[in-house]
Structure formats: structure tokens, C-alpha cells
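The file run.cif comes next; it holds mmCIF, C-alpha atoms.
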data_coords
#
loop_
_atom_site.label_atom_id
_atom_site.label_comp_id
_atom_site.auth_asym_id
_atom_site.auth_seq_id
_atom_site.Cartn_x
_atom_site.Cartn_y
_atom_site.Cartn_z
CA MET A 182 81.04 -18.08 214.67
CA PRO A 183 79.81 -21.69 214.87
CA ASP A 184 81.87 -23.90 217.16
CA LEU A 185 81.89 -27.40 215.72
CA LYS A 186 84.11 -28.99 218.36
CA LYS A 187 82.90 -32.17 220.04
CA LYS A 188 80.25 -31.56 222.66
CA SER A 189 78.33 -33.73 225.11
CA TYR A 190 74.70 -33.65 224.07
CA ASP A 191 71.66 -35.07 225.86
CA HIS A 192 71.94 -38.69 224.75
CA THR A 193 68.45 -39.67 225.94
CA LEU A 194 66.99 -36.91 223.75
CA LEU A 195 69.05 -38.01 220.76
CA VAL A 196 68.16 -41.71 221.10
CA THR A 197 64.46 -40.93 221.58
CA LEU A 198 64.46 -38.52 218.64
CA PHE A 199 66.06 -41.05 216.26
CA LEU A 200 63.68 -43.78 217.46
CA ILE A 201 60.69 -41.55 216.65
CA MET A 202 62.16 -40.67 213.24
CA ILE A 203 62.86 -44.33 212.32
CA ILE A 204 59.40 -45.45 213.45
CA GLY A 205 57.95 -42.46 211.59
CA LEU A 206 59.64 -43.43 208.32
CA VAL A 207 58.48 -47.05 208.63
CA ILE A 208 54.91 -45.99 209.39
CA LEU A 209 55.01 -43.39 206.61
CA TYR A 210 56.00 -46.00 204.03
CA SER A 211 53.34 -48.41 205.25
CA THR A 212 50.70 -45.65 205.12
CA SER A 213 51.71 -43.96 201.87
CA ALA A 214 52.73 -46.89 199.62
CA TYR A 215 49.20 -47.31 198.22
CA ASN A 216 48.72 -43.59 197.50
CA GLY A 217 52.20 -43.39 195.97
CA GLU A 218 51.49 -46.29 193.63
CA VAL A 219 48.08 -44.96 192.58
CA LYS A 220 49.11 -41.33 192.05
CA PHE A 221 52.76 -41.55 191.00
CA HIS A 222 53.26 -45.25 190.06
CA ASP A 223 55.93 -45.42 192.77
CA SER A 224 55.13 -46.91 196.17
CA PHE A 225 58.32 -45.30 197.56
CA TYR A 226 57.42 -41.78 196.32
CA TYR A 227 56.53 -40.26 199.69
CA LEU A 228 59.22 -42.17 201.57
CA LYS A 229 62.00 -40.96 199.22
CA LYS A 230 60.97 -37.33 199.61
CA GLN A 231 60.70 -37.67 203.38
CA LEU A 232 64.08 -39.43 203.58
CA PHE A 233 65.71 -36.57 201.66
CA ALA A 234 64.15 -33.94 203.94
CA THR A 235 65.08 -35.95 207.06
CA GLY A 236 68.70 -36.33 205.92
CA LEU A 237 68.91 -32.60 205.21
CA GLY A 238 67.34 -31.85 208.58
CA VAL A 239 69.72 -34.14 210.51
CA VAL A 240 72.76 -32.41 208.96
CA ALA A 241 71.26 -29.00 209.82
CA MET A 242 70.47 -30.23 213.34
CA PHE A 243 74.06 -31.22 214.09
CA VAL A 244 75.40 -27.95 212.63
CA MET A 245 72.95 -26.07 214.85
CA ALA A 246 73.82 -28.27 217.84
CA GLY A 247 77.53 -27.63 217.31
CA THR A 248 76.95 -23.87 217.39
CA ASP A 249 76.79 -22.01 220.69
CA TYR A 250 73.11 -21.07 221.00
CA HIS A 251 74.10 -17.55 222.14
CA PHE A 252 75.39 -16.99 218.60
CA TRP A 253 71.79 -16.92 217.34
CA LYS A 254 70.68 -14.21 219.78
CA LYS A 255 71.69 -11.43 217.37
CA PHE A 256 69.57 -13.04 214.64
CA ALA A 257 66.41 -13.24 216.78
CA ILE A 258 64.82 -10.01 215.51
CA PRO A 259 65.81 -10.48 211.83
CA ALA A 260 64.52 -14.08 211.98
CA TYR A 261 61.17 -12.90 213.32
CA LEU A 262 60.89 -10.09 210.75
CA GLY A 263 61.69 -12.70 208.09
CA ALA A 264 58.80 -14.83 209.39
CA ILE A 265 56.43 -11.85 209.03
CA LEU A 266 57.64 -11.10 205.48
CA LEU A 267 57.31 -14.74 204.43
CA SER A 268 53.80 -14.89 205.93
CA ILE A 269 52.84 -11.77 203.94
CA ALA A 270 54.28 -13.43 200.81
CA VAL A 271 52.05 -16.47 201.42
CA VAL A 272 48.97 -14.24 201.64
CA LEU A 273 49.92 -12.43 198.41
CA PHE A 274 51.63 -15.10 196.30
CA GLY A 275 51.10 -18.41 198.09
CA ASP A 276 50.10 -21.65 196.37
CA GLU A 277 46.78 -23.19 197.34
CA TYR A 278 46.38 -26.93 197.89
CA ASN A 279 43.23 -28.65 199.16
CA GLY A 280 41.61 -25.27 199.83
CA SER A 281 44.46 -23.89 201.97
CA LYS A 282 47.00 -21.26 200.93
CA ARG A 283 50.05 -22.25 202.99
CA TRP A 284 52.92 -22.82 200.53
CA LEU A 285 55.49 -20.70 198.73
CA SER A 286 57.16 -22.08 195.61
CA LEU A 287 60.80 -21.47 194.70
CA GLY A 288 61.29 -23.13 191.33
CA PRO A 289 60.73 -26.87 191.77
CA PHE A 290 60.71 -26.57 195.58
CA SER A 291 57.83 -25.52 197.81
CA PHE A 292 57.80 -24.96 201.55
CA GLN A 293 55.53 -23.79 204.36
CA PRO A 294 56.78 -20.55 205.96
CA SER A 295 54.56 -21.26 208.97
CA GLU A 296 56.94 -24.09 209.98
CA TYR A 297 59.85 -21.64 209.92
CA ALA A 298 57.75 -19.15 211.89
CA LYS A 299 57.48 -21.55 214.87
CA VAL A 300 61.28 -21.72 215.28
CA ALA A 301 61.67 -17.97 214.66
CA VAL A 302 59.08 -17.16 217.32
CA ILE A 303 60.79 -19.36 219.93
CA LEU A 304 64.13 -17.64 219.29
CA PHE A 305 62.56 -14.16 219.19
CA LEU A 306 60.54 -14.62 222.39
CA ALA A 307 63.51 -16.14 224.26
CA TYR A 308 65.51 -13.01 223.32
CA LEU A 309 62.67 -10.57 224.12
CA VAL A 310 61.80 -12.09 227.49
CA THR A 311 65.48 -12.19 228.48
CA ARG A 312 65.77 -8.48 227.66
CA ASN A 313 62.70 -7.65 229.79
CA VAL A 314 63.04 -10.21 232.58
CA GLU A 315 63.17 -7.60 235.38
CA LYS A 316 59.84 -6.13 234.25
CA MET A 317 57.97 -9.41 233.78
CA SER A 318 55.91 -8.82 236.94
CA SER A 319 54.10 -6.03 235.07
CA ILE A 320 51.05 -7.05 233.07
CA TRP A 321 51.83 -4.26 230.59
CA THR A 322 55.23 -5.78 229.81
CA MET A 323 53.60 -9.16 229.28
CA LEU A 324 50.95 -7.66 227.02
CA ARG A 325 53.57 -5.76 224.99
CA ILE A 326 55.52 -8.98 224.44
CA MET A 327 52.36 -10.81 223.44
CA LEU A 328 51.40 -7.97 221.08
CA CYS A 329 54.78 -8.33 219.36
CA VAL A 330 53.80 -11.87 218.37
CA LEU A 331 50.29 -11.06 217.14
CA PRO A 332 51.35 -9.89 213.64
CA VAL A 333 52.75 -13.29 212.72
CA VAL A 334 49.88 -15.06 214.52
CA GLY A 335 47.37 -13.05 212.48
CA LEU A 336 49.15 -13.56 209.17
CA VAL A 337 49.68 -17.30 209.71
CA GLY A 338 46.16 -17.70 211.10
CA ALA A 339 44.62 -16.23 207.96
CA SER A 340 45.25 -19.54 206.18
CA ASN A 341 46.49 -21.89 208.93
CA LEU A 342 44.59 -21.53 212.20
CA SER A 343 46.17 -24.59 213.83
CA THR A 344 49.71 -23.22 213.45
CA ALA A 345 48.54 -19.83 214.74
CA ILE A 346 47.20 -21.62 217.85
CA ILE A 347 50.57 -23.35 218.34
CA ILE A 348 52.50 -20.05 218.03
CA LEU A 349 50.10 -18.35 220.44
CA GLY A 350 50.46 -21.30 222.84
CA ILE A 351 54.28 -21.14 222.70
CA ALA A 352 54.13 -17.40 223.49
CA ALA A 353 51.75 -17.94 226.43
CA VAL A 354 53.93 -20.72 227.92
CA LEU A 355 57.18 -18.71 227.63
CA ILE A 356 55.63 -15.61 229.20
CA PHE A 357 54.02 -17.74 231.93
CA VAL A 358 57.34 -19.40 232.79
CA ALA A 359 59.20 -16.06 232.97
CA SER A 360 56.53 -14.24 235.00
CA PRO A 361 56.63 -14.23 238.82
CA ARG A 362 52.89 -13.44 238.98
CA TYR A 363 50.32 -15.89 237.67
CA ALA A 364 46.90 -14.39 238.51
CA GLN A 365 47.09 -11.95 235.61
CA PHE A 366 47.14 -14.86 233.18
CA ILE A 367 43.39 -15.12 233.70
CA TRP A 368 43.04 -11.83 231.82
CA MET A 369 45.46 -12.99 229.17
CA GLY A 370 43.41 -16.17 228.78
CA VAL A 371 40.24 -14.13 228.32
CA LEU A 372 41.96 -11.98 225.68
CA GLY A 373 43.30 -15.09 223.95
CA CYS A 374 39.81 -16.65 223.82
CA GLY A 375 38.44 -13.40 222.39
CA PHE A 376 41.19 -13.36 219.77
CA MET A 377 40.40 -16.93 218.74
CA ALA A 378 36.65 -16.20 218.64
CA VAL A 379 37.29 -13.35 216.18
CA PHE A 380 39.41 -15.65 214.00
CA LEU A 381 36.70 -18.30 213.99
CA ALA A 382 34.03 -15.80 213.07
CA LEU A 383 36.03 -14.28 210.19
CA GLU A 384 35.67 -17.37 207.99
CA SER A 385 32.46 -19.37 207.67
CA TYR A 386 34.34 -22.62 206.95
CA ARG A 387 35.81 -22.51 210.48
CA LEU A 388 32.33 -22.38 212.01
CA GLU A 389 31.36 -25.21 209.67
CA ARG A 390 34.22 -27.31 211.10
CA ILE A 391 32.69 -26.97 214.57
CA ALA A 392 29.36 -28.23 213.24
CA ILE A 393 31.13 -31.15 211.51
CA TRP A 394 32.99 -31.95 214.72
CA ARG A 395 29.74 -32.20 216.65
CA ASN A 396 27.95 -34.36 214.06
CA PRO A 397 30.45 -35.71 211.49
CA GLU A 398 27.97 -38.27 210.16
CA GLN A 399 25.63 -35.49 208.96
CA TYR A 400 28.18 -33.79 206.70
CA GLU A 401 30.04 -34.91 203.60
CA LYS A 402 33.21 -33.29 204.97
CA GLY A 403 32.93 -35.45 208.09
CA TYR A 404 33.94 -38.47 205.98
CA GLN A 405 37.65 -38.21 206.86
CA THR A 406 36.91 -37.98 210.58
CA LEU A 407 34.59 -41.00 210.52
CA GLN A 408 37.03 -43.13 208.51
CA GLY A 409 39.82 -42.19 210.94
CA LEU A 410 37.65 -43.29 213.87
CA TYR A 411 36.86 -46.57 212.09
CA ALA A 412 40.61 -47.15 211.69
CA ILE A 413 41.24 -46.51 215.40
CA GLY A 414 38.38 -48.76 216.46
CA SER A 415 39.36 -51.65 214.17
CA GLY A 416 42.94 -51.75 215.49
CA GLY A 417 41.98 -53.18 218.86
CA LEU A 418 44.72 -53.91 221.40
CA PHE A 419 47.51 -55.17 219.11
CA GLY A 420 46.39 -53.97 215.67
CA ARG A 421 45.95 -55.70 212.34
CA GLY A 422 49.71 -55.83 211.79
CA LEU A 423 52.20 -53.52 210.08
CA GLY A 424 51.13 -52.89 206.49
CA GLU A 425 47.71 -54.50 206.98
CA SER A 426 45.58 -51.35 207.29
CA ILE A 427 42.36 -51.31 205.26
CA GLN A 428 41.52 -47.63 205.83
CA LYS A 429 44.70 -46.39 204.15
CA LEU A 430 43.53 -47.88 200.85
CA GLY A 431 41.73 -44.69 199.88
CA PHE A 432 39.19 -44.65 202.72
CA VAL A 433 41.11 -42.14 204.87
CA PRO A 434 41.98 -39.32 202.40
CA GLU A 435 45.70 -38.42 202.39
CA ALA A 436 46.30 -40.83 205.28
CA GLN A 437 50.06 -40.08 205.32
CA ASN A 438 49.43 -36.50 206.46
CA ASP A 439 47.33 -35.31 209.40
CA MET A 440 45.49 -38.61 209.98
CA ILE A 441 48.53 -40.89 210.18
CA PHE A 442 47.95 -41.59 213.89
CA SER A 443 44.69 -43.37 213.00
CA ILE A 444 46.68 -45.76 210.77
CA ILE A 445 49.18 -46.33 213.60
CA CYS A 446 46.22 -47.34 215.79
CA GLU A 447 44.81 -49.63 213.09
CA GLU A 448 48.08 -51.40 212.27
CA LEU A 449 49.79 -51.43 215.69
CA GLY A 450 46.79 -51.21 217.99
CA LEU A 451 46.55 -49.54 221.37
CA VAL A 452 49.91 -51.00 222.40
CA GLY A 453 51.80 -49.58 219.39
CA ALA A 454 50.06 -46.20 219.57
CA GLY A 455 50.80 -46.08 223.32
CA PHE A 456 54.48 -46.76 222.65
CA VAL A 457 54.64 -43.86 220.17
CA LEU A 458 53.00 -41.57 222.74
CA ILE A 459 55.48 -42.69 225.41
CA LEU A 460 58.36 -41.72 223.09
CA PHE A 461 56.85 -38.25 222.68
CA LEU A 462 56.44 -37.98 226.46
CA VAL A 463 60.12 -38.88 226.94
CA LEU A 464 61.06 -36.22 224.36
CA ILE A 465 58.99 -33.58 226.16
CA TRP A 466 60.45 -34.65 229.52
CA ARG A 467 63.99 -34.19 228.18
CA PHE A 468 63.10 -30.69 226.97
CA PHE A 469 61.93 -29.94 230.51
CA VAL A 470 65.15 -31.33 232.03
CA ILE A 471 67.32 -29.36 229.57
CA ALA A 472 65.36 -26.16 230.28
CA THR A 473 65.70 -26.53 234.06
CA HIS A 474 69.46 -27.24 233.82
CA ALA A 475 70.29 -24.57 231.23
CA GLU A 476 73.15 -22.25 232.13
CA ASP A 477 71.08 -19.09 231.60
CA LEU A 478 67.55 -17.83 231.04
CA PHE A 479 67.96 -17.59 227.26
CA GLY A 480 68.79 -21.30 227.03
CA ALA A 481 66.02 -22.21 229.48
CA LEU A 482 63.46 -20.37 227.36
CA ILE A 483 64.63 -22.09 224.16
CA GLY A 484 64.15 -25.48 225.87
CA THR A 485 60.76 -24.41 227.23
CA GLY A 486 59.64 -23.13 223.82
CA ALA A 487 60.54 -26.44 222.17
CA MET A 488 58.73 -28.31 224.95
CA ALA A 489 55.60 -26.17 224.49
CA HIS A 490 55.73 -26.59 220.70
CA MET A 491 56.04 -30.38 220.82
CA MET A 492 53.44 -30.79 223.56
CA ILE A 493 50.81 -28.55 221.91
CA GLN A 494 51.30 -30.01 218.42
CA VAL A 495 51.12 -33.66 219.54
CA ILE A 496 48.03 -32.97 221.68
CA LEU A 497 46.30 -31.09 218.85
CA ASN A 498 47.03 -33.80 216.26
CA ILE A 499 45.81 -36.68 218.42
CA SER A 500 42.78 -34.67 219.56
CA VAL A 501 41.82 -34.03 215.92
CA VAL A 502 42.30 -37.67 214.90
CA THR A 503 40.15 -38.88 217.82
CA ASN A 504 37.57 -36.10 217.11
CA THR A 505 38.10 -34.60 220.56
CA ILE A 506 38.39 -31.16 218.92
CA PRO A 507 37.37 -29.84 215.47
CA ASN A 508 39.62 -30.74 212.54
CA THR A 509 42.44 -28.19 212.34
CA GLY A 510 44.81 -29.84 209.88
CA ILE A 511 47.92 -30.30 212.03
CA THR A 512 50.69 -32.86 211.48
CA LEU A 513 52.15 -35.36 213.96
CA PRO A 514 55.81 -34.30 214.44
CA PHE A 515 58.44 -36.47 212.70
CA ILE A 516 55.79 -38.99 211.60
CA SER A 517 53.35 -37.22 209.26
CA TYR A 518 54.53 -36.58 205.71
CA GLY A 519 55.99 -33.10 205.21
CA GLY A 520 59.52 -32.07 204.26
CA THR A 521 59.32 -28.48 205.55
CA SER A 522 57.98 -29.66 208.88
CA VAL A 523 60.72 -32.22 209.53
CA VAL A 524 63.57 -29.88 208.46
CA PHE A 525 62.52 -27.04 210.77
CA LEU A 526 61.66 -29.42 213.60
CA LEU A 527 65.19 -30.83 213.39
CA LEU A 528 66.65 -27.30 213.33
CA GLU A 529 64.72 -26.67 216.54
CA MET A 530 66.09 -29.91 218.02
CA GLY A 531 69.58 -28.69 217.14
CA LEU A 532 68.98 -25.51 219.17
CA VAL A 533 67.85 -27.58 222.16
CA LEU A 534 70.85 -29.92 221.86
CA SER A 535 73.13 -26.86 221.86
CA VAL A 536 71.49 -25.75 225.11
CA SER A 537 71.95 -29.23 226.59
CA ALA A 538 75.67 -29.14 225.77
CA GLY A 539 76.05 -25.84 227.58
#
What does the file become when written as C-alpha cells?
Amino acid sequence: MPDLKKKSYDHTLLVTLFLIMIIGLVILYSTSAYNGEVKFHDSFYYLKKQLFATGLGVVAMFVMAGTDYHFWKKFAIPAYLGAILLSIAVVLFGDEYNGSKRWLSLGPFSFQPSEYAKVAVILFLAYLVTRNVEKMSSIWTMLRIMLCVLPVVGLVGASNLSTAIIILGIAAVLIFVASPRYAQFIWMGVLGCGFMAVFLALESYRLERIAIWRNPEQYEKGYQTLQGLYAIGSGGLFGRGLGESIQKLGFVPEAQNDMIFSIICEELGLVGAGFVLILFLVLIWRFFVIATHAEDLFGALIGTGAMAHMMIQVILNISVVTNTIPNTGITLPFISYGGTSVVFLLLEMGLVLSVSAG
């Protein structure tokens, strides 16, 4: 049962996390006020919804942090099976927005099961690797574990390739960390590239994104990318000032979502954007410290999974915004608008805090 007695958590992680969340809410309001006023006649529309989700997530985080993380081991398999079932439900009954079918509606509420799937996969893989740790030197054991994750990767990837890449990346990192032999990861890398090539080829719009990435000025759909780059370039060293962005006034479509980092660059400049990145680096560093000081392998793998998740998602988002990679539609953790994302991210942080408390 959950143990809610007072524990000593990683204070650096907590302070950094709350700093990112506070900065995220300020930036979100600055970025979304115009869209909120135009679409809903309420400049606080997006901020109020994000505040509600953040409050809910913080409560869930501390409940999770106050629970011995070993308690969740018995739920690892059911949680993963639940992720598969929810992903199937999205394919069959999901709601489509902006050309992507990623949401399930429950009455007035809608959520993205793919966000839940990330946490479920971390818990499931930590359990599975712990069970097979003595056989991790065998490539067949590694492949079997990776194959266990492919169903949810395939189902999520059918409508959300970026999240499928994150889940696949988390799996690769956890297996790499637990394996005493590294040369065989070359073969796993080749298989992973083949898997991604098949996914890209299955849908023509994914190949189109590569063409847009190479020459965004030649395509109508490259408009968002170009406007994001204009925002980054116009910010200079210190930015235009908080709330002074021009590109958020309808030039960058849905600026409060995937492209919010471009508005950070425009309003706060290289210095402000660099500070946000430093906060993420500190967060990732604390995950690493918690993983290396965990009392057992299960806890170490939970910390490593969270580290891989945060690292991959931040890198992907910033790479998309700067047009370093094709547009994949991925949010910036704790900063981009998205209630489902922030709730499940905070649940994941609660798991890591439980590991840090021992």
C-alpha cells in the first residue's frame, strides 16, 4: 500500500522542476493570450486549462513520490497491456484534430493515450529487464525484450510517429544500460533504422515532411517552419521582451504547442532560451544521479528511463523548431500546452522522486 510518510526527496530535482513549470506557465500565457482572445474571447483560456492540469499533476506526483516505487512493480504488465488497449482504441475510435488521430474522448474530457504509454513502457521495461538481468548478455534476450515493446510502438506510430520514436528510444537506452555487451547494439541500430524506414514509407505524408524539411520555402506546409525560424532569428541575444513577440500573433500557427520554443527565443533571446535549456540539463543530470544512486536495479532503470524520455523529447522538439530534423509534432516538456502531457510527465517525476527517497 502507498506509504505517505515524510521522505527526503531530491531537492535539486524538485526546485528545478518547479522552476521549469513556473517559467512554462508564464511563457504559455505570453504565447497563447492572443489565440485565446481570438478563438475563445478569453486571453487566459489556455493558461487556466494548463493550470488545472498542472495542479492535478502535482498532487498525483506527490502521491506517487510518497509511494514505495516497488509497489508499482506488480502493475507493470497490466499498465503496459492497458497502453496497448488504449492505443487500439485510438486507432478505432480516436478523435482527429489537425489531421492526426491521437485523442480519446470521455465525455467532456479528452486525453492522449500515447502520453500514458511512455510512463507505462518505462515501468514495464524496468520490470522486464530486472527479471532477465542475468541473460542480458544474450542478443536473443535483448531482441525478445525489444519485440515486447514493438506492439505499442507500432500502434502509437500509426498516428504519432514522434512518440513512437521516443518510446523506441527509451527501450534502446534501458536495454543498453542493462547489457554488459555493447557491440551487438550495432545490429539493433540497423534493425531500428529498418523499422523506421518502413514506418516512413507506409504514409506518403511522412515522406512529404522530409521534402518540406529540405526546402520549406517551396511548400505551403513549410510556412510554420519558416515563421518559427523568423521568430528565432528576430530574438537576437536578449529578445524583444516578454510578451512582445510578433510571430505569435497568428504568424506561427498554434504557437503555444510544438513551436513554443521559437517564441521563447523571440521574446527572451539566446540568453533566455539558453537558461531554459540549462534547466533541462540540470533535470536530466539529476535523473542520472538518482539512477546511479538507486538502491536496486529496478529503481535505477526507472531513473534511466525518465532521463532517456526527457533527453529525447527535448532534443526532438528543439531540433524540429530549428529545422534540424523534419517536423514531427512533439511538445516541449512542461512548457508546451497540453494537459495530458503535463499530468503524465508529473506522474513520471513522482516515480523518480520515490526512487530518490529510497
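Distance check against A:Met440 using all atoms listed in the file: of A:Phe525, A:Phe468, A:Thr212, A:Met327, the minimum falls on A:Thr212.
Minimum atom-to-atom distances from A:Tyr278, A:Phe305, A:Phe233, A:Trp394 to A:Thr509 were compared using only C-alpha atoms, and the lowest value belongs to A:Trp394.
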With the PyMOL selection byres ((chain A and resi 265) around 9) as the selection, what would be picked from this file? Answer as an mmCIF file with C-alpha atoms, keeping the file's coordinate frame, please.
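Just written: result.cif:
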data_model
loop_
_atom_site.group_PDB
_atom_site.id
_atom_site.type_symbol
_atom_site.label_atom_id
_atom_site.label_comp_id
_atom_site.auth_asym_id
_atom_site.auth_seq_id
_atom_site.Cartn_x
_atom_site.Cartn_y
_atom_site.Cartn_z
ATOM 1 C CA ALA A 260 64.520 -14.080 211.980
ATOM 2 C CA TYR A 261 61.170 -12.900 213.320
ATOM 3 C CA LEU A 262 60.890 -10.090 210.750
ATOM 4 C CA GLY A 263 61.690 -12.700 208.090
ATOM 5 C CA ALA A 264 58.800 -14.830 209.390
ATOM 6 C CA LEU A 266 57.640 -11.100 205.480
ATOM 7 C CA LEU A 267 57.310 -14.740 204.430
ATOM 8 C CA SER A 268 53.800 -14.890 205.930
ATOM 9 C CA ILE A 269 52.840 -11.770 203.940
ATOM 10 C CA ALA A 270 54.280 -13.430 200.810
ATOM 11 C CA ALA A 298 57.750 -19.150 211.890
ATOM 12 C CA PRO A 332 51.350 -9.890 213.640
ATOM 13 C CA VAL A 333 52.750 -13.290 212.720
ATOM 14 C CA LEU A 336 49.150 -13.560 209.170
ATOM 15 C CA VAL A 337 49.680 -17.300 209.710
#
> Which residues fall under the PyMOL selection byres ((chain A and resi 317-325) around 6) in this file, as a PyMOL selection string?
Replying inline: chain A and resi 314-316+326-328+360-362
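Using the PyMOL selection byres ((chain A and resi 432) around 12) on this structure selects Thr212, Tyr215, Asn216, Tyr404, Gln405, Thr406, Leu407, Gln408, Gly409, Leu410, Tyr411, Ala412, Ser426, Ile427, Gln428, Lys429, Leu430, Gly431, Val433, Pro434, Glu435, Ala436, Met440, Ser443 and Ile444 of chain A.
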Kindly output stretch 513-539 of chain A as a compact mmCIF listing (two decimals), in the coordinates of the input, after building N, CA and C atoms.
# COMPACT_ATOMS: atom_id res chain seq x y z
N LEU A 513 51.51 -34.72 212.81
CA LEU A 513 52.15 -35.36 213.96
C LEU A 513 53.66 -35.26 213.76
N PRO A 514 54.38 -34.57 214.66
CA PRO A 514 55.81 -34.30 214.44
C PRO A 514 56.63 -35.55 214.14
N PHE A 515 57.49 -35.44 213.11
CA PHE A 515 58.44 -36.47 212.70
C PHE A 515 57.80 -37.72 212.10
N ILE A 516 56.47 -37.79 212.09
CA ILE A 516 55.79 -38.99 211.60
C ILE A 516 54.95 -38.69 210.37
N SER A 517 54.14 -37.62 210.42
CA SER A 517 53.35 -37.22 209.26
C SER A 517 54.27 -36.81 208.11
N TYR A 518 53.78 -37.00 206.89
CA TYR A 518 54.53 -36.58 205.71
C TYR A 518 54.61 -35.06 205.64
N GLY A 519 55.81 -34.55 205.35
CA GLY A 519 55.99 -33.10 205.21
C GLY A 519 57.46 -32.73 205.36
N GLY A 520 58.09 -32.38 204.25
CA GLY A 520 59.52 -32.07 204.26
C GLY A 520 59.85 -30.82 205.04
N THR A 521 59.07 -29.74 204.84
CA THR A 521 59.32 -28.48 205.55
C THR A 521 59.23 -28.69 207.05
N SER A 522 58.21 -29.42 207.46
CA SER A 522 57.98 -29.66 208.88
C SER A 522 59.17 -30.36 209.53
N VAL A 523 59.64 -31.45 208.91
CA VAL A 523 60.72 -32.22 209.53
C VAL A 523 62.04 -31.45 209.54
N VAL A 524 62.32 -30.65 208.51
CA VAL A 524 63.57 -29.88 208.46
C VAL A 524 63.60 -28.84 209.59
N PHE A 525 62.52 -28.09 209.74
CA PHE A 525 62.52 -27.04 210.77
C PHE A 525 62.37 -27.61 212.18
N LEU A 526 61.70 -28.75 212.30
CA LEU A 526 61.66 -29.42 213.60
C LEU A 526 63.06 -29.85 214.02
N LEU A 527 63.83 -30.38 213.08
CA LEU A 527 65.19 -30.83 213.39
C LEU A 527 66.12 -29.65 213.67
N LEU A 528 65.90 -28.52 212.99
CA LEU A 528 66.65 -27.30 213.33
C LEU A 528 66.38 -26.90 214.77
N GLU A 529 65.11 -26.98 215.16
CA GLU A 529 64.72 -26.67 216.54
C GLU A 529 65.38 -27.64 217.52
N MET A 530 65.42 -28.92 217.16
CA MET A 530 66.09 -29.91 218.02
C MET A 530 67.57 -29.59 218.16
N GLY A 531 68.18 -29.08 217.08
CA GLY A 531 69.58 -28.69 217.14
C GLY A 531 69.81 -27.57 218.15
N LEU A 532 68.90 -26.60 218.17
CA LEU A 532 68.98 -25.51 219.17
C LEU A 532 68.93 -26.07 220.59
N VAL A 533 67.99 -26.99 220.83
CA VAL A 533 67.85 -27.58 222.16
C VAL A 533 69.08 -28.39 222.53
N LEU A 534 69.64 -29.13 221.58
CA LEU A 534 70.85 -29.92 221.86
C LEU A 534 72.02 -28.99 222.19
N SER A 535 72.09 -27.84 221.54
CA SER A 535 73.13 -26.86 221.86
C SER A 535 72.99 -26.37 223.29
N VAL A 536 71.75 -26.15 223.72
CA VAL A 536 71.49 -25.75 225.11
C VAL A 536 71.91 -26.85 226.07
N SER A 537 71.61 -28.11 225.71
CA SER A 537 71.95 -29.23 226.59
C SER A 537 73.45 -29.41 226.75
N ALA A 538 74.21 -29.01 225.72
CA ALA A 538 75.67 -29.14 225.77
C ALA A 538 76.31 -28.01 226.56
N GLY A 539 75.53 -26.97 226.81
CA GLY A 539 76.05 -25.84 227.58
C GLY A 539 76.99 -25.01 226.74
